[in-house]
Structures are given as C-alpha cells and as structure tokens.
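Engineer: Questions regarding the structure given below will be posed in turn.
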Amino acid sequence: MSRIRRLLAVCSGFWLLAAGSAGCARVPGVEVPDVRTPPEVVIEILRLARVGPDDVVYDLGSGDGRIVITAARDFGARGVGIELDPDLVAESAGNARRAGVAERTRFLQQDIFVADTSEATVVTLYLSPEVNLRLRPKLLSQLKPGSRIVSHDFPIGDWQPARVVNFEGPERTHVLSLWIVPPR
Ligand SMILES: C[S@@+](CC[C@H](N)C(=O)[O-])C[C@H]1O[C@@H](n2cnc3c(N)ncnc32)[C@H](O)[C@@H]1O
C-alpha cells in the first residue's frame, strides 16, 4: 500500500472511530478528513431534502463538490460549496465546469464556522457529531425558518430529526437525517 493510501486509511479509520477529531488535518482548520459520499447516496440526500429549482443548496465541507454539482445538474438548484482545502475547491470548480453547471454553482475556500449560510434553503453535512453540534447555533440563527438540513450519518446533538432514512449504499447502510429549521 502506498504511503498516501496508508495515511488515508488511517485518517478514515480514526475518523470513523473517533468522529470529530482534528488529528488528520492536512490543511489547518480542517476538522474531518475528505471521505466522499457515494453518488447514489448524494441523490438520496437531495431527494430527502426535496431539492428543486427554487433551492439554494449549501454543502458545508464540500470535498470535490459532488453534492452541489448534483443538486445543480440533476435537481435544477443553485449550489454553494464551502471547503477549507484549496486543492478541493479548485477540483470542485473543474468538476462543475465539466458537468456544465459552472454558472449555477460556486465554491468558496472558507471555514464552515465563518461562512455566511443565510442564503441557503438546504444545507447538507457530512462532518462529525462534534462538528455538527458546534454548527447548530449558527445554523439556527442564520437559516430561514423552513430551511432543510440533511446530515449524512451524524446527529446534531439532541435535536430530533423530522425524518430518518436508512439507505443501503454500495458498501454499507447510510443514515440520512432531515431537520427543518423551526420558526423563530
Ligand atoms: C467527509 S468530507 C465530505 C465531503 C462531501 N461533503 C461529501 O459528502 O462527499 C468533509 C469535508 O469537510 C472539509 N472540512 C473539514 N473541516 C472544515 C472546515 N472547518 N471548513 C471547511 N471545510 C472543512 C474537509 O476538507 C472535507 O473535504
């Protein structure tokens, strides 16, 4: 196994065992490693949030941009990816161009705790229980009531989801949870 593959395996294993650790950060501030959501699961996440052409989908920690790009290409939405790793931001922009959705997507090199998400009608998360919990006050104060949040695999503290889907992916079951931002 190459050194990079070994490092990725160690990072991923560590994240799955102790989600929330900052120990694998290659870029300062990156709180969880870049583990990708399989394409079929991306579709299910966007279906669960009932994404449509009127939506603005923010993926916090957007990796290679796949959720934002799929939301634009297959669901007609606009999308914004927030990602701290500059290489992934550049990769996402290239992927969006190749998918023909560059005009309806943006990728910003920002920290998810600093980014302004107030424009979002849908937020997607694939982070960790600890990071989700720290994000909750920001999500509740910035998002409009009625906005939807979908988290892949991880809870948002003790906030009870409106719906949970156990989705059979290519290699394992993915737990997808939906929350609706309540009125203020
Ligand atoms: C598990 S990956 C998920 C990628 C993508 N959302 C998906 O589902 O395929 C988490 C991503 O969050 C990014 N990330 C971690 N901490 C971050 C932070 N504080 N601000 C912005 N991005 C961050 C990582 O670089 C990584 O790409």
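Following the order of the structure tokens, chains are lettered A, B, ..., residues in each are numbered from 1, and ligands are numbered from 1.
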Select the residues contacting ligand 1 at a distance of at most 10 Å, based on only C-alpha atoms and all ligand atoms, then format the selection as a PyMOL selection string.

Structural biologist: chain A and resi 12+15+20+22+24-39+41-42+45+58-68+81-89+108-115+124-128+131+151-152

Engineer: List the spatial neighbours of range 173-176 of chain A as a PyMOL selection string - criterion: any atom at most 7 Å away, only C-alpha atoms, same-chain residues fewer than 4 positions off excluded.

Structural biologist: chain A and resi 45+150-153+164-169

Engineer: Please save C-alpha atoms of the selected residues as a PDB file, in the first residue's frame.

Structural biologist:
ATOM      1  CA  ILE A  45     -29.771  13.142   0.347  1.00  0.00           C
ATOM      2  CA  VAL A 150     -29.651  16.832   5.924  1.00  0.00           C
ATOM      3  CA  SER A 151     -26.781  15.176   7.776  1.00  0.00           C
ATOM      4  CA  HIS A 152     -25.102  12.068   6.453  1.00  0.00           C
ATOM      5  CA  ASP A 153     -24.515   9.578   9.283  1.00  0.00           C
ATOM      6  CA  VAL A 164     -34.504   9.448   9.164  1.00  0.00           C
ATOM      7  CA  VAL A 165     -33.756   7.233   6.168  1.00  0.00           C
ATOM      8  CA  ASN A 166     -31.507   4.175   6.386  1.00  0.00           C
ATOM      9  CA  PHE A 167     -30.239   3.974   2.834  1.00  0.00           C
ATOM     10  CA  GLU A 168     -28.495   0.871   1.513  1.00  0.00           C
ATOM     11  CA  GLY A 169     -25.395   2.138  -0.298  1.00  0.00           C
TER      12      GLY A 169
END

Engineer: Do a neighbour search on Leu133 in chain A at 9 Å with only C-alpha atoms, toss out local chain neighbours closer than 6 positions, and write the hits as a PyMOL selection string.

Structural biologist: chain A and resi 155-158

Engineer: Tell me, as a PyMOL selection string, which residues lie within 9 Å of Leu140 in chain A, counting only C-alpha atoms; anything in the same chain fewer than 4 positions away does not count.

Structural biologist: chain A and resi 135-136+144-145+181-182+184

Engineer: Could you write out that same residue set with N, CA and C atoms as a PDB file, in the first residue's frame?

Structural biologist:
ATOM      1  N   LEU A 135     -21.931  23.458  15.067  1.00  0.00           N
ATOM      2  CA  LEU A 135     -22.544  24.251  13.985  1.00  0.00           C
ATOM      3  C   LEU A 135     -23.991  24.636  14.285  1.00  0.00           C
ATOM      4  N   ARG A 136     -24.634  23.906  15.200  1.00  0.00           N
ATOM      5  CA  ARG A 136     -26.084  24.074  15.394  1.00  0.00           C
ATOM      6  C   ARG A 136     -26.503  25.517  15.671  1.00  0.00           C
ATOM      7  N   LYS A 144     -33.149  30.532   7.302  1.00  0.00           N
ATOM      8  CA  LYS A 144     -34.551  30.958   7.390  1.00  0.00           C
ATOM      9  C   LYS A 144     -35.398  29.791   7.919  1.00  0.00           C
ATOM     10  N   PRO A 145     -36.449  30.109   8.687  1.00  0.00           N
ATOM     11  CA  PRO A 145     -37.373  29.046   9.106  1.00  0.00           C
ATOM     12  C   PRO A 145     -37.880  28.280   7.878  1.00  0.00           C
ATOM     13  N   VAL A 181     -35.699  23.820   9.907  1.00  0.00           N
ATOM     14  CA  VAL A 181     -35.416  24.939  10.819  1.00  0.00           C
ATOM     15  C   VAL A 181     -36.755  25.503  11.318  1.00  0.00           C
ATOM     16  N   PRO A 182     -36.940  25.550  12.646  1.00  0.00           N
ATOM     17  CA  PRO A 182     -38.232  25.985  13.190  1.00  0.00           C
ATOM     18  C   PRO A 182     -38.409  27.504  13.113  1.00  0.00           C
ATOM     19  N   ARG A 184     -38.742  31.302  14.373  1.00  0.00           N
ATOM     20  CA  ARG A 184     -38.005  31.932  15.493  1.00  0.00           C
ATOM     21  C   ARG A 184     -38.972  32.475  16.526  1.00  0.00           C
TER      22      ARG A 184
END

Engineer: As JSON, numbers by chain, please: all residues of range 10-184 of chain A that backbone DSSP puts in strand (DSSP E or B).

Structural biologist: {"A": [56, 57, 58, 59, 60, 78, 79, 80, 81, 82, 83, 105, 106, 107, 108, 109, 122, 123, 124, 125, 148, 149, 150, 151, 152, 163, 164, 165, 166, 167, 168, 173, 174, 175, 176, 177, 178, 179, 180]}
